[in-house]
Amino acid sequence: MEIFEHMVFGLKVALEPMNLVYCFIGVLVGNLIGVLPGIGPTGTMALLLPLTFHIPPVSAIIMLAGIYYGCQYGGSITSILVNIPGEASTVITCLDGYQLAKKGKAGLALGVSAIGSFVAGTLSIFGLSLFSYPLAKAALRFGPPEYFSLMCLGLVILTFLARTSMLKSLIMALFGLFLGLFGLDPYTAKPRFTFGFPELMDGIGIIPLVMGLFGIAEVLSNMEKEERFDIYETQVTGISSSLREWIRAKWAILRGTLVGFFTGIIPGGGAVLASFLSYALEKKISKEPQKFGTGVIEGVASPESANNAAAQSSLIPLLSLGIPPNVVMAVLFGALLIHGIQPGPFLVKDHPRVFWGLVMSMYVGNAMLLLLNLPLIGIWVKLLKVPYKYMFVLIILFCLIGVYSVNNSVFDIYLMVIFGLLGYLLKKFDFEPAPLVMAYVLSPIFETSFRQSLTLSGGDLSIFLSRPVSLACMATAFFLILLQVVSAFPKRRDEKDKAYVNK
Amino acid sequence: MKAEKKDLIPAIVTLPLSLIMAYSSLRLGLGSAGNPGAGFFAFWISVSLAFLLLILLLRATTIRTNNTGPLFELRNLRKPISLLILLLLYAIFFKPLGFLLTTALLVFFMLKAIAKEGFGKSIVLSLAITLLSYLLFVSFLGLSLPEGLISSFLRGS
């Protein structure tokens with residue numbers, strides 16, 4: 001009953017005219033970004049973050065969250081019609097979505113994608129409403145050792161699930177932790193790693209960091225490629241045809257929702273992993289797995305539902321524990337901090353308007369997206385025809401003005417360019433920037449929890465092993481690292497054997 | 001068979017950097033285990049980083065690869081390098097010349113030199129985009145951007 005009252009309160013906040021407007025702007029921009037390859041939700045949120053300074057925190061967070069889950073809807077359009085994923089989380093949709101479009105079933109694929117996303121999003125938000133509040137209450141009992149261990153585990157899982165090697169991801173995470181220490185020491189106010197720049201007294205800002213790593217770096221990488229793709233020009237009809245396929249899609253949507261919901265919660269999970277896992281599951285349980293990749297409706301319904309469910313559920317650890325499970329949530333974490341709101345177990349108690357307003361706004365946002373997507377598909381497809389050589393100019397301009405407007409400082413522009421170059425080089429050398437950003441965002445709490453734990457125990461590290469939650473987290477983290485080390489050994493031996501043979 | 005460049009180069013470049021980080025952290029003061037100082041956490045992060053980079057270096061030198069293609073193709077680097085130079089110049093001249101002039105010049109050179117648009121089209125588009133940006137960011141959103149030469153001149157007249 002208590003939760004129901006909170007939800008009603010949240011709905012009232014979400015339906016306030018200003019919040020409705022910003023929710024609409026967020027989902028519209030998110031949908032647009034999802035359609036357009038070349039920039040993702042992380043970069044977009046970073047671009048728009050400075051512009052949210054002058055609006056109330058609730059509206060700002062509603063808008064920024066709308067960008068993330070709006071992207072999941074938009075990305076599927078290009079995957080189905082163009083065979084180019086608008087977002088990483090819609091890569092897998094290309095396999096069957098584009099094949100369905102070629103068979104003249106684009107309408108079916110797009111319809112199932114939109115409605116599946118809506119159903120998954122709605123159910124996931126319901127789960128978020130049910131789980132976040134009790135989890136936040138449980139987390140109130142966590143002390144510094146629990147927080148430190150939980151964040152350790154989060155970073156290890158993130159690196160374990162990384163696309164590139166765990167070793168490289170761990171290196172990125174450590175580098176991110178170090179970057180987060182720039183500025184004044186929280187205990188002694190001693191300047192750390194400021195190199196004589198007064199602008200670094202407050203540390204490296206999240207906006208130049210994220211805009212550089214995800215905005216500028218993306219543009220630099222895209223400049224190297226020639227973009228040429230054919231848009232499958234088809235009349236998007238037949239949305240309501242083939243009732244049998246809709247019925248088959250129904251179960252795939254529900255399975256995708258479940259997979260997505262739980263994947264979104266785990267660090268390193270999120271929409272991308274959810275979409276891949278759900279597709280793999282559908283193929284595994286299908287009676288005709290060989291048909292996947294030829295235009296099977298489950299191949300669209302499941303990953304599209306999963307990615308949207310994960311986008312919503314990834315808010316659970318952020319809002320309840322103050323631990324962002326993926327890089328998009330890390331940017332949202334930064335946004336909350338900039339607005340003076342500390343995510344974590346006290347968020348529900350101290351800022352109920354933000355918490356419940358955000359949760360309930362997602363119901364509204366999902367409904368808006370359903371209405372936006374189906375009738376406006378023609379317009380979204382036309383936007384794809386805008387050449388990238390014009391898009392990149394606008395992206396760069398937004399980055400420059402956005403980053404300057406934070407502190408009216410040219411120093412931030414320089415920082416953004418440096419991180420842009422770094423992000424570009426990281427891509428070249430197969431390093432993922434996501435663990436760096438996650439660790440950077442967590443670094444202050446990480447250090448504080450660590451130092452407080454050692455102060456409590458008088459320097460005895462066994463404090464991290466003597467408390468049950470902390471022990472469980474540390475043991476799991478250690479097990480995952482060991483698993484990765486052990487699994488690397490046969491590969492190394494095989495490669496040595498191959499090297500010997502090739503000599 | 002060669003060493004994997006994607007591991008070798010970053011390891012060689014950043015391993016000394018991590019040692020410098022560790023040294024800088026030491027200078028901040030480690031304190032004690034029961035009362036960690038300003039450099040304590042940073043020191044152990046740097047040491048762990050150095051350790052992992054050493055593993056990466058060892059991995060790169062012991063595991064051979066057939067992947068001998070170049071990491072950077074020179075002909076593809078022209079555009080990214082041009083853009084980086086333009087961005088740095090933008091930052092240098094942003095305050096002295098002001099938002100309007102630097103933005104117009106930046107957009108013009110991005111369109112002309114990178115997007116390979118014609119001279120006339122680049123001029124028209126750069127002016128249009130600059131004006132729209134001004135209307136959006138300054139007039140509508142109320143952001144404070146450097147005035148520079150053009151605005152001062154317009155105000156003066």
# chains A, B, ... in the order shown; residues from 1 in each chain; ligands from 1
call {"tool": "interface_residues", "arguments": {"of": "chain A", "to": "chain B", "cutoff": "6 Å", "atoms": "only C-alpha atoms", "output": "ChimeraX atom specification"}}
result
/A:185,220,224,389,429,454-455,458-459
call {"tool": "write_last_selection", "arguments": {"atoms": "N, CA and C atoms", "output": "CSV table (one decimal), in the first residue's frame"}}
result
chain,number,residue,atom,x,y,z
A,185,ASP,N,41.9,17.0,-1.9
A,185,ASP,CA,41.6,15.8,-1.0
A,185,ASP,C,40.5,16.1,-0.1
A,220,LEU,N,35.8,11.8,-34.4
A,220,LEU,CA,37.1,11.5,-35.0
A,220,LEU,C,37.2,10.1,-35.6
A,224,GLU,N,37.1,8.7,-40.3
A,224,GLU,CA,38.0,7.8,-41.0
A,224,GLU,C,37.2,6.9,-42.0
A,389,LYS,N,28.4,14.4,-43.0
A,389,LYS,CA,29.3,15.6,-43.1
A,389,LYS,C,28.6,16.8,-42.6
A,429,PHE,N,43.3,1.2,-30.0
A,429,PHE,CA,44.1,0.2,-29.3
A,429,PHE,C,43.2,-0.8,-28.6
A,454,LEU,N,39.3,1.8,6.7
A,454,LEU,CA,40.6,1.6,7.3
A,454,LEU,C,40.7,2.4,8.6
A,455,THR,N,40.0,3.6,8.7
A,455,THR,CA,40.0,4.3,9.9
A,455,THR,C,39.2,3.6,11.0
A,458,GLY,N,41.3,0.6,12.1
A,458,GLY,CA,42.6,0.9,12.6
A,458,GLY,C,43.7,0.3,11.6
A,459,GLY,N,43.3,0.3,10.3
A,459,GLY,CA,44.3,-0.2,9.3
A,459,GLY,C,44.2,-1.7,9.0
call {"tool": "residues_around", "arguments": {"residues": "segment 347-353 of chain A", "least_positions_apart": "5", "cutoff": "7 Å", "atoms": "only C-alpha atoms", "output": "MDAnalysis selection string"}}
result
chainID A and resid 10 13 319 342
call {"tool": "atom_distance", "arguments": {"atom1": "atom CA of Ser124 of chain A", "atom2": "atom CA of Val35 of chain A"}}
result
22.9 Å
call {"tool": "select_by_dssp", "arguments": {"residues": "segment 27-67 of chain B", "states": "alpha helix (DSSP H)", "output": "CSV table (one decimal) with N, CA, C and O atoms, in the first residue's frame"}}
result
chain,number,residue,atom,x,y,z
B,27,ARG,N,54.6,11.6,-2.9
B,27,ARG,CA,54.9,12.9,-2.4
B,27,ARG,C,53.8,13.6,-1.7
B,27,ARG,O,54.0,14.5,-0.9
B,28,LEU,N,52.6,13.2,-2.0
B,28,LEU,CA,51.4,13.7,-1.3
B,28,LEU,C,51.3,13.2,0.2
B,28,LEU,O,50.7,13.9,1.0
B,40,PHE,N,47.4,8.1,-0.3
B,40,PHE,CA,47.3,6.6,0.0
B,40,PHE,C,46.6,5.9,-1.1
B,40,PHE,O,47.1,4.9,-1.7
B,41,PHE,N,45.4,6.3,-1.3
B,41,PHE,CA,44.6,5.6,-2.3
B,41,PHE,C,45.2,5.7,-3.7
B,41,PHE,O,45.3,4.7,-4.4
B,42,ALA,N,45.6,6.9,-4.1
B,42,ALA,CA,46.2,7.1,-5.4
B,42,ALA,C,47.5,6.2,-5.6
B,42,ALA,O,47.7,5.7,-6.7
B,43,PHE,N,48.2,6.1,-4.5
B,43,PHE,CA,49.5,5.3,-4.6
B,43,PHE,C,49.2,3.9,-4.9
B,43,PHE,O,49.8,3.3,-5.9
B,44,TRP,N,48.2,3.3,-4.2
B,44,TRP,CA,47.9,1.9,-4.5
B,44,TRP,C,47.2,1.7,-5.8
B,44,TRP,O,47.4,0.6,-6.4
B,45,ILE,N,46.4,2.6,-6.2
B,45,ILE,CA,45.8,2.6,-7.6
B,45,ILE,C,47.0,2.6,-8.6
B,45,ILE,O,47.0,1.8,-9.6
B,46,SER,N,47.9,3.5,-8.5
B,46,SER,CA,49.1,3.6,-9.4
B,46,SER,C,49.9,2.3,-9.4
B,46,SER,O,50.3,1.8,-10.5
B,47,VAL,N,50.1,1.7,-8.3
B,47,VAL,CA,50.9,0.5,-8.2
B,47,VAL,C,50.2,-0.6,-8.9
B,47,VAL,O,50.8,-1.4,-9.6
B,48,SER,N,48.9,-0.7,-8.6
B,48,SER,CA,48.1,-1.8,-9.2
B,48,SER,C,48.1,-1.6,-10.8
B,48,SER,O,48.2,-2.6,-11.5
B,49,LEU,N,48.0,-0.3,-11.2
B,49,LEU,CA,48.0,0.0,-12.6
B,49,LEU,C,49.3,-0.4,-13.2
B,49,LEU,O,49.3,-1.1,-14.3
B,50,ALA,N,50.4,-0.1,-12.6
B,50,ALA,CA,51.7,-0.5,-13.1
B,50,ALA,C,51.8,-2.0,-13.2
B,50,ALA,O,52.4,-2.5,-14.2
B,51,PHE,N,51.3,-2.7,-12.2
B,51,PHE,CA,51.3,-4.2,-12.2
B,51,PHE,C,50.6,-4.7,-13.4
B,51,PHE,O,51.1,-5.6,-14.1
B,52,LEU,N,49.4,-4.2,-13.6
B,52,LEU,CA,48.6,-4.7,-14.8
B,52,LEU,C,49.2,-4.4,-16.1
B,52,LEU,O,49.1,-5.1,-17.1
B,53,LEU,N,49.8,-3.2,-16.2
B,53,LEU,CA,50.5,-2.8,-17.4
B,53,LEU,C,51.7,-3.7,-17.7
B,53,LEU,O,52.0,-4.0,-18.9
B,54,LEU,N,52.3,-4.1,-16.7
B,54,LEU,CA,53.5,-5.0,-16.8
B,54,LEU,C,53.0,-6.3,-17.4
B,54,LEU,O,53.6,-6.9,-18.3
B,55,ILE,N,51.8,-6.8,-16.9
B,55,ILE,CA,51.2,-8.1,-17.4
B,55,ILE,C,50.9,-7.9,-18.9
B,55,ILE,O,51.1,-8.8,-19.7
B,56,LEU,N,50.3,-6.7,-19.2
B,56,LEU,CA,50.0,-6.4,-20.6
B,56,LEU,C,51.2,-6.5,-21.5
B,56,LEU,O,51.2,-7.0,-22.6
B,57,LEU,N,52.3,-5.9,-21.0
B,57,LEU,CA,53.5,-5.8,-21.7
B,57,LEU,C,54.1,-7.2,-21.9
B,57,LEU,O,54.5,-7.6,-23.0
B,58,LEU,N,54.0,-8.0,-20.9
B,58,LEU,CA,54.5,-9.4,-21.0
B,58,LEU,C,53.6,-10.2,-22.0
B,58,LEU,O,54.2,-11.0,-22.8
B,59,ARG,N,52.3,-10.0,-21.9
B,59,ARG,CA,51.4,-10.7,-22.8
B,59,ARG,C,51.7,-10.3,-24.2
B,59,ARG,O,51.7,-11.1,-25.1
B,60,ALA,N,51.9,-9.0,-24.4
B,60,ALA,CA,52.2,-8.5,-25.8
B,60,ALA,C,53.5,-9.1,-26.4
B,60,ALA,O,53.6,-9.4,-27.6
B,61,THR,N,54.5,-9.3,-25.5
B,61,THR,CA,55.8,-9.7,-26.0
B,61,THR,C,55.9,-11.3,-26.1
B,61,THR,O,56.7,-11.8,-26.9
B,62,THR,N,55.0,-12.0,-25.4
B,62,THR,CA,55.1,-13.4,-25.4
B,62,THR,C,54.1,-14.0,-26.3
B,62,THR,O,54.3,-15.1,-26.9
call {"tool": "closest_residue", "arguments": {"among": "A:Val27, A:Ile77, A:Ile341, A:Met45", "to": "Gly378 of chain A", "atoms": "only C-alpha atoms"}}
result
A:Ile77
call {"tool": "decode", "arguments": {"residues": "segment 268-285 of chain A", "atoms": "N, CA, C and O atoms", "output": "short mmCIF file (atom, residue, chain, number, x, y, z; two decimals), in the first residue's frame"}}
result
data_model
loop_
_atom_site.label_atom_id
_atom_site.label_comp_id
_atom_site.auth_asym_id
_atom_site.auth_seq_id
_atom_site.Cartn_x
_atom_site.Cartn_y
_atom_site.Cartn_z
N GLY A 268 27.80 -3.53 -15.75
CA GLY A 268 28.32 -4.01 -17.03
C GLY A 268 27.23 -4.60 -17.88
O GLY A 268 27.44 -4.93 -19.04
N GLY A 269 26.05 -4.74 -17.29
CA GLY A 269 24.94 -5.28 -18.06
C GLY A 269 24.37 -4.20 -18.95
O GLY A 269 25.07 -3.62 -19.76
N GLY A 270 23.11 -3.90 -18.77
CA GLY A 270 22.53 -2.83 -19.58
C GLY A 270 21.90 -3.35 -20.85
O GLY A 270 21.82 -4.56 -21.09
N ALA A 271 21.50 -2.41 -21.68
CA ALA A 271 20.69 -2.73 -22.85
C ALA A 271 21.44 -3.59 -23.87
O ALA A 271 20.86 -4.48 -24.49
N VAL A 272 22.71 -3.35 -24.04
CA VAL A 272 23.47 -4.08 -25.07
C VAL A 272 23.55 -5.56 -24.73
O VAL A 272 23.19 -6.43 -25.54
N LEU A 273 24.02 -5.85 -23.52
CA LEU A 273 24.16 -7.25 -23.11
C LEU A 273 22.79 -7.93 -23.10
O LEU A 273 22.66 -9.09 -23.50
N ALA A 274 21.78 -7.20 -22.62
CA ALA A 274 20.43 -7.77 -22.55
C ALA A 274 19.95 -8.22 -23.92
O ALA A 274 19.38 -9.30 -24.07
N SER A 275 20.20 -7.40 -24.93
CA SER A 275 19.71 -7.74 -26.27
C SER A 275 20.39 -9.00 -26.80
O SER A 275 19.75 -9.87 -27.39
N PHE A 276 21.70 -9.11 -26.55
CA PHE A 276 22.43 -10.29 -27.03
C PHE A 276 22.00 -11.55 -26.29
O PHE A 276 21.80 -12.61 -26.88
N LEU A 277 21.86 -11.43 -24.97
CA LEU A 277 21.48 -12.60 -24.16
C LEU A 277 20.10 -13.10 -24.54
O LEU A 277 19.88 -14.31 -24.65
N SER A 278 19.17 -12.17 -24.73
CA SER A 278 17.79 -12.59 -25.02
C SER A 278 17.71 -13.25 -26.39
O SER A 278 16.98 -14.22 -26.57
N TYR A 279 18.47 -12.74 -27.35
CA TYR A 279 18.48 -13.35 -28.68
C TYR A 279 19.03 -14.76 -28.61
O TYR A 279 18.49 -15.70 -29.20
N ALA A 280 20.12 -14.90 -27.84
CA ALA A 280 20.74 -16.23 -27.70
C ALA A 280 19.76 -17.20 -27.04
O ALA A 280 19.66 -18.37 -27.44
N LEU A 281 19.02 -16.70 -26.06
CA LEU A 281 18.04 -17.55 -25.38
C LEU A 281 16.93 -17.98 -26.32
O LEU A 281 16.54 -19.16 -26.36
N GLU A 282 16.41 -17.04 -27.11
CA GLU A 282 15.34 -17.37 -28.05
C GLU A 282 15.78 -18.44 -29.04
O GLU A 282 15.05 -19.38 -29.35
N LYS A 283 17.01 -18.27 -29.50
CA LYS A 283 17.53 -19.23 -30.49
C LYS A 283 17.69 -20.61 -29.85
O LYS A 283 17.40 -21.64 -30.47
N LYS A 284 18.11 -20.58 -28.60
CA LYS A 284 18.37 -21.84 -27.89
C LYS A 284 17.07 -22.62 -27.67
O LYS A 284 17.04 -23.84 -27.81
N ILE A 285 15.99 -21.91 -27.32
CA ILE A 285 14.76 -22.63 -26.97
C ILE A 285 13.85 -22.83 -28.18
O ILE A 285 12.82 -23.50 -28.07
#
